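work-v3.txt, holding compact mmCIF, C-alpha atoms:
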```txt
# COMPACT_ATOMS: atom_id res chain seq x y z
CA MET K 1 -73.10 58.46 12.48
CA MET K 2 -71.13 57.68 15.44
CA ALA K 3 -71.68 54.06 14.88
CA GLU K 4 -70.36 54.48 11.36
CA GLU K 5 -67.28 56.32 12.58
CA THR K 6 -66.63 53.66 15.17
CA LYS K 7 -67.08 51.01 12.51
CA ASP K 8 -64.66 52.87 10.17
CA GLN K 9 -62.13 53.19 12.97
CA GLU K 10 -62.40 49.49 13.74
CA GLU K 11 -61.91 48.64 10.05
CA HIS K 12 -58.98 51.06 9.91
CA THR K 13 -57.47 49.48 13.03
CA ILE K 14 -58.00 45.99 11.61
CA ASN K 15 -56.43 47.03 8.29
CA GLU K 16 -53.45 48.52 10.12
CA ALA K 17 -53.08 45.32 12.16
CA ASP K 18 -53.20 43.26 8.96
CA ARG K 19 -50.61 45.51 7.36
CA SER K 20 -48.43 45.29 10.43
CA THR K 21 -48.73 41.47 10.41
CA GLN K 22 -47.95 41.39 6.69
CA ASP K 23 -44.91 43.64 7.22
CA THR K 24 -43.70 41.37 10.04
CA GLU K 25 -44.16 38.31 7.82
CA LYS K 26 -42.21 40.03 5.00
CA GLU K 27 -39.38 40.84 7.40
CA THR K 28 -39.38 37.23 8.66
CA VAL K 29 -39.22 35.88 5.09
CA GLU K 30 -36.39 38.31 4.28
CA ALA K 31 -34.59 37.25 7.45
CA LYS K 32 -35.02 33.60 6.48
CA GLU K 33 -33.68 34.38 3.01
CA LEU K 34 -30.65 36.06 4.55
CA THR K 35 -30.22 33.09 6.83
CA ALA K 36 -30.46 30.70 3.88
CA GLU K 37 -27.91 32.74 1.92
CA GLU K 38 -25.62 32.90 4.93
CA LYS K 39 -26.07 29.15 5.43
CA TYR K 40 -25.28 28.56 1.76
CA ASN K 41 -22.11 30.65 2.06
CA GLU K 42 -21.13 28.83 5.24
CA LEU K 43 -21.65 25.39 3.69
CA ASN K 44 -19.83 26.43 0.54
CA ASP K 45 -16.92 27.66 2.65
CA LYS K 46 -16.83 24.35 4.56
CA TYR K 47 -16.92 22.44 1.29
CA LEU K 48 -14.04 24.43 -0.17
CA ARG K 49 -11.98 23.96 2.98
CA LEU K 50 -12.67 20.22 3.02
CA TYR K 51 -11.83 19.93 -0.68
CA SER K 52 -8.57 21.81 -0.17
CA GLU K 53 -7.70 19.69 2.84
CA PHE K 54 -8.34 16.49 0.88
CA ASP K 55 -6.31 17.76 -2.07
CA ASN K 56 -3.39 18.55 0.25
CA TYR K 57 -3.71 15.08 1.81
CA ARG K 58 -3.67 13.44 -1.63
CA LYS K 59 -0.57 15.40 -2.70
CA ARG K 60 1.23 14.65 0.58
CA THR K 61 0.54 10.90 0.41
CA SER K 62 1.63 10.88 -3.23
CA ARG K 63 4.96 12.50 -2.29
CA GLU K 64 5.40 10.11 0.64
CA ARG K 65 4.71 7.15 -1.65
CA VAL K 66 7.35 8.31 -4.13
CA GLU K 67 9.84 8.72 -1.27
CA LEU K 68 8.96 5.26 0.03
CA PHE K 69 9.66 3.69 -3.36
CA LYS K 70 12.98 5.52 -3.58
CA THR K 71 14.15 4.22 -0.21
CA ALA K 72 12.22 0.91 -0.06
CA GLY K 73 15.33 -1.25 -0.39
CA GLN K 74 17.52 0.91 1.82
CA ASP K 75 17.37 -1.35 4.88
CA ILE K 76 18.19 -4.54 2.95
CA LEU K 77 21.02 -2.82 1.10
CA THR K 78 22.41 -1.44 4.34
CA ASP K 79 22.45 -4.99 5.74
CA LEU K 80 24.17 -6.33 2.59
CA LEU K 81 27.01 -3.77 2.58
CA PRO K 82 29.09 -5.61 5.22
CA ILE K 83 28.79 -8.78 3.11
CA MET K 84 30.02 -6.85 0.09
CA ASP K 85 33.00 -5.70 2.18
CA ASP K 86 33.70 -9.32 3.15
CA PHE K 87 33.65 -10.38 -0.51
CA GLU K 88 36.11 -7.61 -1.41
CA ARG K 89 38.49 -8.74 1.36
CA ALA K 90 38.18 -12.35 0.21
CA MET K 91 38.99 -11.39 -3.38
CA GLN K 92 42.06 -9.46 -2.21
CA ASN K 93 43.26 -12.48 -0.24
CA MET K 94 42.70 -14.83 -3.19
CA ASP K 95 45.28 -12.86 -5.17
CA LYS K 96 47.92 -13.61 -2.51
CA LYS K 97 47.80 -17.32 -3.39
CA GLY K 98 46.91 -18.51 0.07
CA ASP K 99 45.82 -21.95 1.12
CA VAL K 100 42.77 -23.08 -0.93
CA LYS K 101 41.20 -24.68 2.12
CA THR K 102 41.39 -21.38 4.06
CA ILE K 103 39.96 -19.43 1.11
CA ARG K 104 37.12 -21.94 0.85
CA GLN K 105 36.32 -21.52 4.56
CA GLY K 106 36.26 -17.74 4.14
CA VAL K 107 33.88 -17.93 1.18
CA ASP K 108 31.67 -20.37 3.10
CA LEU K 109 31.52 -17.92 6.02
CA ILE K 110 30.54 -15.08 3.69
CA PHE K 111 27.89 -17.25 2.01
CA ASN K 112 26.38 -18.22 5.37
CA LYS K 113 26.35 -14.61 6.49
CA PHE K 114 24.62 -13.63 3.24
CA ARG K 115 22.02 -16.40 3.53
CA THR K 116 21.32 -15.53 7.18
CA THR K 117 20.83 -11.86 6.33
CA LEU K 118 18.33 -12.72 3.60
CA GLU K 119 16.49 -15.18 5.84
CA ASN K 120 16.21 -12.51 8.54
CA LYS K 121 14.49 -10.31 5.93
CA GLY K 122 11.90 -13.03 5.28
CA LEU K 123 13.45 -14.80 2.30
CA LYS K 124 13.52 -18.58 2.31
CA HIS K 125 13.94 -21.25 -0.32
CA PHE K 126 11.70 -24.26 -0.50
CA LYS K 127 12.65 -27.83 -1.25
CA SER K 128 11.16 -29.35 -4.38
CA ILE K 129 12.92 -32.66 -5.06
CA GLU K 130 10.64 -35.68 -4.55
CA LYS K 131 7.70 -33.37 -3.78
CA GLU K 132 4.45 -33.44 -5.73
CA PHE K 133 4.54 -31.03 -8.69
CA ASP K 134 2.65 -27.87 -7.73
CA PRO K 135 2.16 -25.23 -10.46
CA GLU K 136 1.68 -22.61 -7.73
CA ILE K 137 5.35 -22.86 -6.75
CA HIS K 138 7.01 -24.88 -9.52
CA GLU K 139 7.81 -24.18 -13.15
CA ALA K 140 8.21 -27.37 -15.14
CA ILE K 141 11.11 -27.12 -17.60
CA THR K 142 10.75 -30.63 -18.95
CA LYS K 143 9.35 -34.06 -18.22
CA ILE K 144 11.41 -37.23 -18.18
CA PRO K 145 10.49 -40.86 -17.58
CA ALA K 146 10.32 -41.36 -13.83
CA PRO K 147 13.24 -43.41 -12.45
CA SER K 148 10.79 -45.20 -10.14
CA LYS K 149 7.03 -45.51 -9.79
CA LYS K 150 6.98 -43.43 -6.62
CA LEU K 151 8.43 -40.41 -8.55
CA LYS K 152 5.61 -40.27 -11.14
CA GLY K 153 4.12 -36.75 -11.09
CA LYS K 154 6.80 -35.65 -8.66
CA VAL K 155 9.83 -33.42 -9.01
CA VAL K 156 12.87 -35.44 -10.09
CA ASP K 157 15.44 -32.64 -10.36
CA GLU K 158 15.66 -28.97 -9.41
CA VAL K 159 17.44 -26.76 -11.95
CA GLU K 160 16.88 -23.50 -10.02
CA LYS K 161 15.73 -23.13 -6.42
CA GLY K 162 12.45 -21.40 -5.72
CA TYR K 163 12.18 -18.61 -3.15
CA MET K 164 9.44 -17.15 -1.01
CA LEU K 165 9.40 -13.75 0.63
CA ASN K 166 7.10 -13.76 3.66
CA GLU K 167 5.04 -16.70 2.35
CA LYS K 168 4.70 -15.22 -1.17
CA VAL K 169 6.49 -16.90 -4.07
CA ILE K 170 8.94 -14.46 -5.65
CA ARG K 171 10.72 -17.02 -7.83
CA PHE K 172 9.27 -20.30 -8.99
CA ALA K 173 11.48 -23.35 -8.72
CA LYS K 174 12.51 -24.57 -12.18
CA VAL K 175 12.12 -28.31 -12.04
CA VAL K 176 12.16 -31.53 -14.03
CA VAL K 177 9.05 -33.66 -13.50
CA GLY K 178 8.87 -37.44 -13.71
CA GLU K 179 6.13 -39.04 -15.84
```

Represent the structure of the file as structure tokens.
Amino acid sequence: MMAEETKDQEEHTINEADRSTQDTEKETVEAKELTAEEKYNELNDKYLRLYSEFDNYRKRTSRERVELFKTAGQDILTDLLPIMDDFERAMQNMDKKGDVKTIRQGVDLIFNKFRTTLENKGLKHFKSIEKEFDPEIHEAITKIPAPSKKLKGKVVDEVEKGYMLNEKVIRFAKVVVGE
């Protein structure tokens, strides 16, 4: 009988050890589940913060872009104001019936100042007469018989000058092409 009791005790001890192991495993699984839920909450929180941060960035850059468009021409206009003042003074002096030669010199000075200001901002005109017709920079208004053989396919006359702003054509030259 003793052997049976010892055997029963051993089985009971083994069963208790199994139960204890199973309980520990259950607690570990529950702890992992809590950790997974906590991790999910943490990642969700990070996602929401990142989304909010990006949304704020998008709104801020949109506002800055609108402001940039509103004030984009401010620096060029600020540079042109003194020229406008010069034109007003010239017009006032024209009414006084001064010397035509002097008035002409004044207008020439204002024109040169205006051209220099625009060139400093990156605007430049390009010559077209006697150059090969290029549809990238020229707009042909009409074709006429070429006055000489060397002007065939070339620009004979320029009706309107063409302009480039920092190497980009902003106005095509309107030209007459020889054929």

Who sits within 9 Å of Met164 in chain K, all atoms listed in the file, same chain under 6 positions skipped, as a short mmCIF file (atom, residue, chain, number, x, y, z; two decimals) with C-alpha atoms, in the frame of the given file:
```
data_model
loop_
_atom_site.label_atom_id
_atom_site.label_comp_id
_atom_site.auth_asym_id
_atom_site.auth_seq_id
_atom_site.Cartn_x
_atom_site.Cartn_y
_atom_site.Cartn_z
CA GLY K 122 11.90 -13.03 5.28
CA LEU K 123 13.45 -14.80 2.30
CA LYS K 124 13.52 -18.58 2.31
CA HIS K 125 13.94 -21.25 -0.32
CA PHE K 126 11.70 -24.26 -0.50
CA ILE K 170 8.94 -14.46 -5.65
CA ARG K 171 10.72 -17.02 -7.83
CA PHE K 172 9.27 -20.30 -8.99
#
```

Do a neighbour search on Gly153 in chain K at 7 Å with all atoms listed in the file, toss out local chain neighbours closer than 5 positions, and write the hits as a PyMOL selection string.
chain K and resi 132-133+177-179

Lys113 in chain K environment, 12 Å, all atoms listed in the file, sequence neighbours closer than 3 positions dropped, as a JSON list (two decimals) with C-alpha atoms, keeping the file's coordinate frame:
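Printed below is result_5.json as written:
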```json
[["chain", "number", "residue", "atom", "x", "y", "z"],
["K", 79, "ASP", "CA", 22.45, -4.99, 5.74],
["K", 80, "LEU", "CA", 24.17, -6.33, 2.59],
["K", 81, "LEU", "CA", 27.01, -3.77, 2.58],
["K", 82, "PRO", "CA", 29.09, -5.61, 5.22],
["K", 83, "ILE", "CA", 28.79, -8.78, 3.11],
["K", 84, "MET", "CA", 30.02, -6.85, 0.09],
["K", 85, "ASP", "CA", 33.00, -5.70, 2.18],
["K", 86, "ASP", "CA", 33.70, -9.32, 3.15],
["K", 87, "PHE", "CA", 33.65, -10.38, -0.51],
["K", 106, "GLY", "CA", 36.26, -17.74, 4.14],
["K", 107, "VAL", "CA", 33.88, -17.93, 1.18],
["K", 108, "ASP", "CA", 31.67, -20.37, 3.10],
["K", 109, "LEU", "CA", 31.52, -17.92, 6.02],
["K", 110, "ILE", "CA", 30.54, -15.08, 3.69],
["K", 116, "THR", "CA", 21.32, -15.53, 7.18],
["K", 117, "THR", "CA", 20.83, -11.86, 6.33],
["K", 118, "LEU", "CA", 18.33, -12.72, 3.60],
["K", 119, "GLU", "CA", 16.49, -15.18, 5.84],
["K", 120, "ASN", "CA", 16.21, -12.51, 8.54]]
```

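Taking all atoms listed in the file into account, Ile76 in chain K lies nearest to K:Lys121 out of the set K:Lys121, K:Arg58, K:Glu88, K:Tyr51.
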
Go ahead and compute the interatomic distance for CA of Thr142 in chain K and CA of Glu160 in chain K, in Å to one decimal.
13.0 Å

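The space between CA of Val176 in chain K and CA of Asp134 in chain K spans 12.0 Å.
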
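Take CA of Ala72 in chain K and CA of Ala173 in chain K: the distance between them is 25.8 Å.
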
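Among K:Ile137, K:Thr102, K:Glu42, K:Val155, the residue with the shortest atom-to-atom distance to Glu167 in chain K, counting all atoms listed in the file, is K:Ile137.
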
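Comparing the minimum interatomic distances between Val159 in chain K and each of K:Leu48, K:Ile129, K:Leu77, K:Ile144, counting only C-alpha atoms, we find that K:Ile129 sits nearest.
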
Is there a way to complete range 59-71 of chain K with N, CA and C atoms and then write that out as a CSV table (one decimal), in the coordinates of the input?
```csv
chain,number,residue,atom,x,y,z
K,59,LYS,N,-1.9,15.0,-2.2
K,59,LYS,CA,-0.6,15.4,-2.7
K,59,LYS,C,0.5,14.9,-1.7
K,60,ARG,N,0.2,15.1,-0.4
K,60,ARG,CA,1.2,14.6,0.6
K,60,ARG,C,1.5,13.1,0.5
K,61,THR,N,0.4,12.4,0.5
K,61,THR,CA,0.5,10.9,0.4
K,61,THR,C,1.2,10.5,-0.9
K,62,SER,N,1.0,11.2,-2.0
K,62,SER,CA,1.6,10.9,-3.2
K,62,SER,C,3.1,11.1,-3.1
K,63,ARG,N,3.5,12.2,-2.5
K,63,ARG,CA,5.0,12.5,-2.3
K,63,ARG,C,5.6,11.5,-1.4
K,64,GLU,N,4.9,11.1,-0.3
K,64,GLU,CA,5.4,10.1,0.6
K,64,GLU,C,5.6,8.7,0.0
K,65,ARG,N,4.6,8.4,-0.9
K,65,ARG,CA,4.7,7.2,-1.6
K,65,ARG,C,5.9,7.1,-2.6
K,66,VAL,N,6.2,8.2,-3.3
K,66,VAL,CA,7.4,8.3,-4.1
K,66,VAL,C,8.6,8.2,-3.3
K,67,GLU,N,8.7,8.8,-2.2
K,67,GLU,CA,9.8,8.7,-1.3
K,67,GLU,C,10.0,7.3,-0.8
K,68,LEU,N,8.9,6.6,-0.5
K,68,LEU,CA,9.0,5.3,0.0
K,68,LEU,C,9.5,4.3,-1.0
K,69,PHE,N,9.1,4.5,-2.3
K,69,PHE,CA,9.7,3.7,-3.4
K,69,PHE,C,11.1,4.0,-3.6
K,70,LYS,N,11.6,5.2,-3.4
K,70,LYS,CA,13.0,5.5,-3.6
K,70,LYS,C,13.8,4.8,-2.5
K,71,THR,N,13.4,4.8,-1.3
K,71,THR,CA,14.2,4.2,-0.2
K,71,THR,C,13.7,2.8,0.3
```
